[in-house]
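A.B. asks: Data file coords_25.cif (mmCIF, C-alpha atoms (C1' of nucleotides)) is appended below.
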```cif
data_structure
#
loop_
_atom_site.label_atom_id
_atom_site.label_comp_id
_atom_site.auth_asym_id
_atom_site.auth_seq_id
_atom_site.Cartn_x
_atom_site.Cartn_y
_atom_site.Cartn_z
CA MET M 1 -21.50 -35.08 7.11
CA SER M 2 -24.55 -33.20 5.99
CA SER M 3 -22.74 -31.01 3.44
CA PRO M 4 -25.62 -29.08 1.94
CA ASP M 5 -25.86 -28.40 -1.78
CA GLY M 6 -22.86 -30.51 -2.56
CA LEU M 7 -20.54 -28.31 -0.55
CA TRP M 8 -17.65 -29.72 1.41
CA CYS M 9 -18.23 -27.10 4.13
CA ASP M 10 -21.07 -26.36 6.50
CA VAL M 11 -19.95 -22.81 7.12
CA ILE M 12 -18.76 -20.12 4.75
CA ALA M 13 -17.20 -17.13 6.43
CA VAL M 14 -16.75 -13.86 4.60
CA VAL M 15 -14.15 -11.65 6.23
CA GLY M 16 -12.03 -8.63 5.34
CA PRO M 17 -11.68 -4.93 6.01
CA THR M 18 -14.60 -2.50 6.21
CA ALA M 19 -16.01 -1.28 2.95
CA SER M 20 -14.69 -4.24 1.00
CA GLY M 21 -18.17 -5.51 0.13
CA LYS M 22 -18.56 -8.35 2.61
CA SER M 23 -22.22 -7.79 3.35
CA ALA M 24 -23.31 -7.80 -0.27
CA LEU M 25 -21.37 -10.95 -0.99
CA ALA M 26 -22.68 -12.72 2.09
CA ASP M 27 -26.21 -11.76 1.20
CA GLU M 28 -25.77 -13.08 -2.32
CA LEU M 29 -24.31 -16.35 -1.08
CA ALA M 30 -27.12 -16.79 1.41
CA VAL M 31 -29.72 -16.22 -1.30
CA ARG M 32 -28.10 -18.79 -3.55
CA LEU M 33 -27.87 -21.33 -0.77
CA GLY M 34 -31.27 -20.55 0.70
CA THR M 35 -29.79 -19.78 4.06
CA GLU M 36 -29.15 -16.90 6.46
CA VAL M 37 -26.27 -14.64 7.44
CA VAL M 38 -24.69 -14.54 10.88
CA SER M 39 -23.05 -11.20 11.50
CA ALA M 40 -19.64 -11.17 13.19
CA ASP M 41 -19.43 -7.51 13.97
CA ALA M 42 -18.88 -6.11 17.43
CA MET M 43 -20.78 -2.92 16.81
CA GLN M 44 -23.67 -4.11 14.70
CA VAL M 45 -24.93 -6.00 17.73
CA TYR M 46 -26.26 -2.71 19.05
CA ARG M 47 -29.75 -1.56 18.25
CA ARG M 48 -30.25 1.90 16.79
CA MET M 49 -26.61 2.09 15.75
CA ASP M 50 -27.44 1.61 12.11
CA ILE M 51 -25.92 4.24 9.87
CA GLY M 52 -22.55 4.41 11.59
CA THR M 53 -22.08 0.66 11.64
CA ALA M 54 -23.08 0.34 7.99
CA LYS M 55 -25.73 -2.17 8.93
CA THR M 56 -27.61 -3.35 5.85
CA PRO M 57 -31.07 -1.75 6.18
CA PRO M 58 -33.83 -4.37 6.79
CA ASP M 59 -35.58 -3.60 3.52
CA GLU M 60 -32.38 -4.31 1.59
CA ARG M 61 -31.78 -7.68 3.20
CA ARG M 62 -32.88 -10.57 1.05
CA VAL M 63 -32.23 -13.05 3.84
CA PRO M 64 -32.35 -12.77 7.64
CA LEU M 65 -29.33 -11.13 9.25
CA LEU M 66 -28.59 -12.72 12.60
CA CYS M 67 -26.62 -11.54 15.63
CA VAL M 68 -27.48 -7.97 14.83
CA ASP M 69 -29.56 -5.67 17.06
CA VAL M 70 -29.22 -8.02 19.98
CA ALA M 71 -28.04 -5.51 22.56
CA ASP M 72 -28.93 -2.06 23.75
CA PRO M 73 -26.30 0.65 23.29
CA SER M 74 -26.33 1.17 27.03
CA GLU M 75 -25.35 -2.45 27.61
CA THR M 76 -21.82 -3.69 27.72
CA TYR M 77 -21.74 -6.53 25.31
CA SER M 78 -18.78 -8.88 25.02
CA VAL M 79 -17.29 -11.63 22.91
CA ALA M 80 -18.48 -14.21 25.35
CA CYS M 81 -22.10 -13.15 24.89
CA TYR M 82 -21.59 -13.08 21.18
CA GLU M 83 -20.04 -16.52 21.09
CA ARG M 84 -23.11 -18.11 22.66
CA GLU M 85 -25.52 -16.40 20.30
CA ALA M 86 -23.42 -16.99 17.21
CA HIS M 87 -22.99 -20.68 17.97
CA ALA M 88 -26.71 -21.03 18.47
CA CYS M 89 -27.41 -19.41 15.10
CA VAL M 90 -24.77 -21.39 13.23
CA ASP M 91 -25.79 -24.68 14.80
CA ARG M 92 -29.42 -24.07 14.02
CA LEU M 93 -28.73 -23.49 10.33
CA VAL M 94 -26.35 -26.41 10.06
CA GLY M 95 -28.86 -28.56 11.92
CA GLU M 96 -31.41 -27.67 9.29
CA GLY M 97 -29.03 -28.88 6.62
CA ARG M 98 -28.15 -25.40 5.45
CA ALA M 99 -24.75 -23.78 5.17
CA ALA M 100 -24.26 -20.94 7.61
CA ILE M 101 -22.83 -17.74 6.16
CA VAL M 102 -20.78 -15.91 8.74
CA CYS M 103 -19.95 -12.37 7.75
CA GLY M 104 -18.01 -9.75 9.60
CA GLY M 105 -14.89 -7.73 10.14
CA THR M 106 -14.31 -8.14 13.84
CA GLY M 107 -11.51 -10.68 13.97
CA LEU M 108 -12.13 -11.88 17.47
CA TYR M 109 -15.85 -12.25 16.82
CA VAL M 110 -15.22 -14.24 13.68
CA ARG M 111 -13.10 -16.61 15.70
CA ALA M 112 -15.75 -16.79 18.37
CA ALA M 113 -18.34 -17.72 15.76
CA LEU M 114 -16.21 -20.35 14.11
CA GLU M 115 -14.37 -21.88 17.04
CA ASP M 116 -14.84 -22.85 20.64
CA MET M 117 -13.07 -20.09 22.47
CA ASP M 118 -13.82 -21.41 25.93
CA PHE M 119 -13.92 -18.10 27.68
CA PRO M 120 -13.69 -18.75 31.37
CA SER M 121 -17.01 -18.18 33.01
CA GLY M 122 -17.16 -15.35 35.46
CA ASP M 123 -18.30 -11.86 35.96
CA GLN M 124 -19.64 -9.48 33.43
CA THR M 125 -17.45 -7.04 31.59
CA ASN M 126 -18.61 -4.40 33.98
CA ASN M 127 -17.58 -5.65 37.38
CA PRO M 128 -16.20 -4.36 40.65
CA VAL M 129 -12.94 -6.26 40.36
CA ARG M 130 -12.16 -4.68 37.05
CA GLU M 131 -13.14 -1.29 38.31
CA ARG M 132 -10.97 -1.69 41.35
CA TYR M 133 -7.88 -2.51 39.31
CA ALA M 134 -8.63 0.18 36.80
CA ARG M 135 -8.62 2.66 39.63
CA LEU M 136 -5.43 1.18 40.99
CA ALA M 137 -3.88 1.61 37.56
CA GLU M 138 -4.66 5.29 37.66
CA GLU M 139 -3.11 5.64 41.09
CA LEU M 140 0.04 3.69 40.43
CA GLY M 141 0.59 4.24 36.75
CA PRO M 142 0.92 1.49 34.15
CA GLN M 143 4.44 0.38 34.99
CA ARG M 144 3.89 -0.16 38.69
CA LEU M 145 0.66 -2.01 38.12
CA HIS M 146 2.49 -4.26 35.70
CA ASP M 147 5.22 -4.79 38.31
CA LEU M 148 2.51 -5.86 40.71
CA LEU M 149 1.22 -8.39 38.21
CA ALA M 150 4.75 -9.63 37.60
CA ALA M 151 5.06 -10.37 41.30
CA ARG M 152 1.85 -12.38 41.39
CA ASP M 153 1.81 -13.95 37.94
CA PRO M 154 5.12 -13.62 36.12
CA GLN M 155 4.05 -15.72 33.13
CA SER M 156 1.13 -13.49 32.37
CA ALA M 157 3.10 -10.33 32.98
CA ALA M 158 5.67 -11.47 30.48
CA LEU M 159 3.00 -11.75 27.82
CA ILE M 160 1.52 -8.31 28.36
CA HIS M 161 3.20 -5.04 27.55
CA PRO M 162 3.34 -2.76 30.64
CA ASN M 163 1.51 0.00 28.78
CA ASN M 164 -1.38 -2.26 27.94
CA THR M 165 -3.23 -1.47 31.11
CA ARG M 166 -6.45 -2.95 29.82
CA ARG M 167 -4.85 -6.38 29.55
CA VAL M 168 -2.98 -6.05 32.80
CA VAL M 169 -6.27 -5.32 34.54
CA ARG M 170 -7.88 -8.27 32.79
CA ALA M 171 -5.05 -10.50 34.00
CA PHE M 172 -5.72 -9.43 37.57
CA GLU M 173 -9.39 -10.08 37.07
CA LEU M 174 -8.66 -13.62 35.93
CA LEU M 175 -6.31 -14.07 38.86
CA GLU M 176 -9.13 -13.23 41.23
CA GLN M 177 -11.06 -16.08 39.67
CA GLY M 178 -8.14 -18.42 40.14
CA LEU M 179 -7.22 -18.31 36.48
CA SER M 180 -4.13 -17.13 34.67
CA TYR M 181 -4.00 -15.06 31.53
CA ALA M 182 -0.94 -17.06 30.56
CA CYS M 183 -2.73 -20.41 30.81
CA GLN M 184 -5.54 -19.42 28.56
CA HIS M 185 -3.03 -17.82 26.27
CA GLU M 186 -1.60 -21.23 25.57
CA GLY M 187 -2.91 -22.78 22.43
CA LEU M 188 -4.04 -19.38 21.36
CA HIS M 189 -2.99 -19.91 17.82
CA VAL M 190 -4.58 -23.24 17.29
CA ARG M 191 -7.65 -22.58 15.23
CA THR M 192 -10.12 -25.39 15.32
CA ASN M 193 -13.34 -24.94 13.42
CA ARG M 194 -16.50 -26.28 15.00
CA HIS M 195 -17.77 -27.22 11.55
CA PRO M 196 -16.03 -27.74 8.20
CA THR M 197 -15.48 -24.14 7.20
CA LEU M 198 -14.42 -22.13 4.19
CA VAL M 199 -13.06 -18.71 5.12
CA VAL M 200 -13.03 -16.22 2.30
CA GLY M 201 -11.15 -12.95 2.70
CA LEU M 202 -11.96 -9.94 0.58
CA THR M 203 -9.06 -7.65 -0.31
CA MET M 204 -8.37 -4.89 -2.74
CA ASP M 205 -5.84 -2.28 -3.63
CA ARG M 206 -5.22 -0.17 -0.54
CA GLU M 207 -5.78 3.15 -2.26
CA VAL M 208 -9.09 2.04 -3.70
CA LEU M 209 -10.14 0.76 -0.31
CA TYR M 210 -9.33 4.09 1.30
CA GLU M 211 -11.28 5.95 -1.36
CA ARG M 212 -14.24 3.70 -0.68
CA ILE M 213 -13.94 4.32 3.04
CA ASN M 214 -13.90 8.09 2.55
CA ALA M 215 -16.88 7.93 0.26
CA ARG M 216 -18.75 5.73 2.68
CA VAL M 217 -18.20 8.13 5.56
CA ASP M 218 -19.49 11.01 3.44
CA ARG M 219 -22.52 8.91 2.61
CA MET M 220 -23.13 8.19 6.30
CA MET M 221 -23.16 11.91 6.96
CA GLU M 222 -25.69 12.39 4.18
CA GLN M 223 -27.82 9.61 5.58
CA GLY M 224 -28.05 11.41 8.90
CA LEU M 225 -25.32 10.01 11.11
CA VAL M 226 -25.37 13.17 13.21
CA ASP M 227 -29.06 12.77 14.00
CA GLU M 228 -28.56 9.13 14.82
CA VAL M 229 -25.78 9.96 17.25
CA ARG M 230 -27.74 12.86 18.74
CA GLY M 231 -30.66 10.56 19.37
CA LEU M 232 -28.44 8.01 21.07
CA ALA M 233 -26.73 10.71 23.07
CA ASP M 234 -30.12 11.78 24.41
CA GLU M 235 -30.62 8.31 25.77
CA GLY M 236 -27.19 8.24 27.35
CA LEU M 237 -24.81 6.85 24.77
CA ALA M 238 -22.04 9.07 26.07
CA GLU M 239 -22.04 7.09 29.32
CA SER M 240 -22.05 3.69 27.71
CA LEU M 241 -18.86 1.71 28.07
CA THR M 242 -18.69 -0.03 24.74
CA SER M 243 -20.93 1.44 22.12
CA ARG M 244 -19.61 4.97 22.50
CA GLN M 245 -16.22 3.61 21.42
CA ALA M 246 -17.57 2.88 17.98
CA ILE M 247 -15.88 4.74 15.18
CA GLY M 248 -18.18 7.44 13.91
CA TYR M 249 -20.06 7.72 17.15
CA ARG M 250 -17.27 8.87 19.42
CA GLU M 251 -16.12 11.49 16.90
CA ILE M 252 -19.61 12.91 16.34
CA LEU M 253 -20.13 12.86 20.08
CA ALA M 254 -16.98 14.95 20.48
CA ALA M 255 -18.20 17.43 17.90
CA LEU M 256 -21.61 17.65 19.55
CA ALA M 257 -19.86 18.34 22.84
CA GLY M 258 -18.08 21.22 21.17
CA GLU M 259 -14.66 19.62 21.35
CA CYS M 260 -14.10 20.00 17.62
CA THR M 261 -15.88 21.10 14.48
CA MET M 262 -18.13 18.69 12.65
CA GLU M 263 -15.80 18.98 9.68
CA GLN M 264 -12.90 17.84 11.82
CA ALA M 265 -15.00 14.99 13.19
CA VAL M 266 -15.63 13.72 9.69
CA GLU M 267 -11.91 13.74 8.94
CA ASP M 268 -11.25 11.92 12.20
CA ILE M 269 -13.81 9.27 11.32
CA LYS M 270 -12.18 8.68 7.96
CA ARG M 271 -8.76 8.34 9.47
CA ALA M 272 -9.94 6.07 12.27
CA THR M 273 -11.72 3.88 9.74
CA ARG M 274 -8.61 3.65 7.58
CA ARG M 275 -6.61 2.52 10.59
CA TYR M 276 -9.27 0.07 11.54
CA ALA M 277 -9.19 -1.42 8.06
CA LYS M 278 -5.45 -1.80 8.39
CA ARG M 279 -5.80 -3.62 11.69
CA GLN M 280 -8.44 -5.88 10.22
CA LEU M 281 -6.12 -6.76 7.37
CA SER M 282 -3.36 -7.40 9.84
CA TRP M 283 -5.60 -9.71 11.85
CA PHE M 284 -6.92 -11.73 8.95
CA ARG M 285 -3.52 -12.00 7.27
CA GLY M 286 -2.47 -13.95 10.30
CA ASP M 287 -5.27 -16.44 9.86
CA GLU M 288 -4.01 -19.26 7.72
CA ARG M 289 -7.53 -20.43 6.93
CA VAL M 290 -8.33 -17.41 4.84
CA VAL M 291 -8.54 -17.84 1.09
CA TRP M 292 -8.11 -14.36 -0.32
CA ILE M 293 -10.00 -13.07 -3.28
CA ASP M 294 -9.74 -9.69 -4.95
CA ALA M 295 -12.95 -7.82 -4.28
CA LEU M 296 -12.40 -5.74 -7.39
CA SER M 297 -12.08 -8.74 -9.68
CA GLY M 298 -15.77 -8.70 -10.50
CA ASP M 299 -19.29 -7.87 -9.38
CA VAL M 300 -21.10 -9.55 -6.51
CA GLY M 301 -22.37 -12.22 -8.84
CA SER M 302 -19.01 -13.32 -10.11
CA LEU M 303 -17.46 -13.10 -6.66
CA ALA M 304 -20.21 -15.41 -5.44
CA ASP M 305 -19.52 -17.75 -8.36
CA HIS M 306 -15.91 -17.85 -7.28
CA VAL M 307 -16.79 -18.61 -3.67
CA MET M 308 -19.26 -21.30 -4.68
CA GLU M 309 -16.54 -22.93 -6.73
CA LEU M 310 -14.22 -22.92 -3.73
CA ALA M 311 -16.96 -24.37 -1.56
CA ARG M 312 -17.70 -27.16 -3.99
CA ARG M 313 -14.14 -28.27 -4.47
CA SER M 314 -13.14 -31.04 -2.15
CA PRO M 315 -10.97 -29.84 0.72
CA GLY M 316 -8.06 -31.86 -0.61
CA GLU M 317 -7.95 -29.97 -3.88
CA SER M 318 -8.68 -26.55 -2.50
CA PRO M 319 -5.68 -24.34 -1.83
CA ASP M 320 -6.33 -24.00 1.85
CA GLY M 321 -9.90 -24.59 2.69
CA GLY M 322 -10.71 -27.68 4.64
CA ARG M 323 -8.49 -27.38 7.65
CA GLY M 324 -10.07 -27.81 11.04
"C1'" G A 325 11.17 50.37 -4.59
"C1'" G A 326 12.96 50.24 0.89
"C1'" G A 327 13.15 47.31 5.51
"C1'" A A 328 12.59 42.91 8.69
"C1'" G A 329 12.04 37.84 8.90
"C1'" U A 330 12.04 32.83 7.20
"C1'" G A 331 13.30 28.11 4.25
"C1'" U A 332 14.72 21.18 8.35
"C1'" G A 333 13.08 14.38 6.61
"C1'" C A 334 5.87 12.56 3.45
"C1'" C A 335 3.65 16.93 6.54
"C1'" C A 336 4.01 20.11 10.87
"C1'" G A 337 7.81 21.40 13.92
"C1'" A A 338 12.50 21.41 17.60
"C1'" G A 339 17.54 22.06 17.19
"C1'" U A 340 21.39 27.81 16.59
"C1'" G A 341 29.21 25.31 15.57
"C1'" G A 342 31.04 19.01 17.75
"C1'" U A 343 27.90 11.56 20.96
"C1'" U A 344 23.05 14.64 14.78
"C1'" A A 345 20.55 10.35 10.06
"C1'" A A 346 18.99 14.92 13.15
"C1'" U A 347 13.97 15.73 19.89
"C1'" G A 348 8.65 15.79 19.35
"C1'" G A 349 3.84 15.47 16.96
"C1'" G A 350 0.90 14.03 12.70
"C1'" G A 351 0.44 10.84 8.67
"C1'" A A 352 1.83 6.28 6.50
"C1'" C A 353 3.45 1.27 6.98
"C1'" G A 354 4.05 -3.27 9.86
"C1'" G A 355 2.77 -6.17 14.14
"C1'" G A 356 0.35 -8.09 18.80
"C1'" C A 357 -4.29 -9.63 20.70
"C1'" U A 358 -9.06 -15.34 24.19
"C1'" G A 359 -14.84 -11.47 28.18
"C1'" U A 360 -14.56 -3.06 26.38
"C1'" A A 361 -11.95 -5.89 20.26
"C1'" A A 362 -14.61 -0.18 15.47
"C1'" A A 363 -11.40 -1.31 21.88
"C1'" C A 364 -6.43 -1.70 23.89
"C1'" C A 365 -1.16 -2.09 22.95
"C1'" C A 366 3.78 -2.29 20.39
"C1'" G A 367 7.38 -1.38 16.42
"C1'" U A 368 9.28 0.99 11.82
"C1'" U A 369 9.56 5.44 8.92
"C1'" G A 370 16.83 8.70 3.86
"C1'" G A 371 19.49 4.95 0.75
"C1'" C A 372 22.76 0.75 0.28
"C1'" U A 373 26.72 -4.53 -2.49
"C1'" A A 374 24.78 -2.91 5.45
"C1'" U A 375 29.68 -4.93 12.46
"C1'" G A 376 30.52 -0.36 7.41
"C1'" C A 377 29.53 3.17 3.51
"C1'" C A 378 26.88 6.96 0.84
"C1'" U A 379 23.40 11.03 0.48
"C1'" A A 380 20.98 14.52 3.74
"C1'" C A 381 18.50 20.26 7.04
"C1'" U A 382 16.12 25.35 -0.42
"C1'" A A 383 20.75 25.99 -4.06
"C1'" A A 384 25.81 27.37 -4.97
"C1'" G A 385 30.08 29.11 -2.79
"C1'" G A 386 32.93 30.51 1.77
"C1'" U A 387 34.85 30.43 7.14
"C1'" U A 388 36.34 26.24 10.40
"C1'" C A 389 39.92 20.51 12.67
"C1'" G A 390 34.46 20.23 12.46
"C1'" A A 391 28.25 23.49 10.11
"C1'" A A 392 21.43 22.13 9.80
"C1'" U A 393 23.68 25.74 13.01
"C1'" C A 394 28.40 31.39 11.19
"C1'" C A 395 29.33 34.52 6.31
"C1'" U A 396 28.13 35.68 0.88
"C1'" U A 397 25.06 35.31 -3.25
"C1'" A A 398 20.76 33.27 -5.69
"C1'" C A 399 15.88 31.44 -5.42
"C1'" G A 400 11.07 30.69 -2.63
"C1'" C A 401 7.69 32.22 1.14
"C1'" U A 402 5.93 35.81 5.15
"C1'" C A 403 5.30 40.51 7.28
"C1'" C A 404 6.09 45.93 7.62
"C1'" C A 405 6.96 50.81 5.20
"C1'" A A 406 6.10 52.96 0.49
#
```
Step by step, read the file and then write its structure as structure tokens.
C.D. replies:
Amino acid sequence: MSSPDGLWCDVIAVVGPTASGKSALADELAVRLGTEVVSADAMQVYRRMDIGTAKTPPDERRVPLLCVDVADPSETYSVACYEREAHACVDRLVGEGRAAIVCGGTGLYVRAALEDMDFPSGDQTNNPVRERYARLAEELGPQRLHDLLAARDPQSAALIHPNNTRRVVRAFELLEQGLSYACQHEGLHVRTNRHPTLVVGLTMDREVLYERINARVDRMMEQGLVDEVRGLADEGLAESLTSRQAIGYREILAALAGECTMEQAVEDIKRATRRYAKRQLSWFRGDERVVWIDALSGDVGSLADHVMELARRSPGESPDGGRG
RNA sequence: GGGAGUGUGCCCGAGUGGUUAAUGGGGACGGGCUGUAAACCCGUUGGCUAUGCCUACUAAGGUUCGAAUCCUUACGCUCCCA
């Protein structure tokens, strides 16, 4: 294989919870390897959502940041769209004999970038079928909708908790396309990399992480998060299906609508971010490919040294690396 | 100084003599996840040498077969009159 710069891998993924320093490390790695960074973040795909998504400002990027600013906040983006774009970016870099640096905290997007997810083709996220079942869910209530699914597709129903209406609706949507949620669920845990990949996970002491999150939210406020949200609200963010669900945006939106004080909104953002970090940790802990390194063990430079060492070792000697 | 309240698990807050280790909410922790994923959903949350035991509703006594629930005192907090 091409293995650039004496590396055993073609892709280096940097994952971990928010505020753990992924972006800086990815940027450093990309500089050293003369390559580019592919973002794996579900919210950074949106244009003009910069401060709240902690997008590295263009003038601070030393290498191109891909898969960022590819959608309008009014659009409803999805993993399937992301997968296509991410694969194109990764393949281009690898094709040029360069290692692709994938960096992000959205677990599902990371998988989409690294693996072939094979999402069934079909309608957009926003579609009449989904809307119809969503409405039905409201009429019947979660339990009865789930009962309905159980009658038509017991295997899928068994996999989805009755309260998880979103998934139940999605199962119906697949059913309409002649597919079963249960079928695609099979082999869910088999992770097959498209290219030889090193996945590095950044962790740190939970308390320190939370302090960093709090500080980062305060910084976002100083940088003008409220103005950013206000601007987006003027162009209809509040109606958007996906982007208004972003942490930081929905809370400020609520405050702007007079539902709570701005002070309360800031607290809500911090808490939501903490929880998000926890979920991210939970997701990545379940990924056996991840080689964890302590983000507090050194500065960006030494962390990059560490990663380079892992990437140069042959897969056989590395603790976990080469699988897939 | 006098009077009236109140004190519950990490926090808030129900419970006013008996299926009570104690409803509920928050927080925290853990988990799930294949087209909204920063979303959506679930579980745990006194301790243990655990099919049972111990410690628990400010503290110490008391009443009772039995108390977080009733009584006494102490301490803390709140309010009212001075």
A.B. asks: Using the chain letters and residue numbers of this document, give as a list in words the residues selected by the PyMOL selection byres ((chain A and resi 405) around 10).
C.D. replies: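 Selected by the PyMOL selection byres ((chain A and resi 405) around 10) here: G326, G327, C404 and A406 of chain A.
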A.B. asks: Residues of chain A within 7 Å of chain M, counting all atoms listed in the file - could you list those as a count of residues only?
C.D. replies: 8
A.B. asks: Under the PyMOL selection byres ((chain A and resi 369) around 12), which residues of this model are included? Write them out as a PyMOL selection string.
C.D. replies: chain A and resi 333-334+351-354+367-368+370
A.B. asks: Skip U379 in chain A itself and residues of its chain fewer than 5 positions away, then list as a VMD selection string all residues within 12 Å of it, counting only C-alpha atoms (C1' of nucleotides).
C.D. replies: chain A and resid 345 370 to 372
A.B. asks: Do you have the CA of Ala54 in chain M-CA of Ala71 in chain M distance handy?
C.D. replies: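 Taking CA of Ala54 in chain M as the start and CA of Ala71 in chain M as the end point, the length is 16.5 Å.
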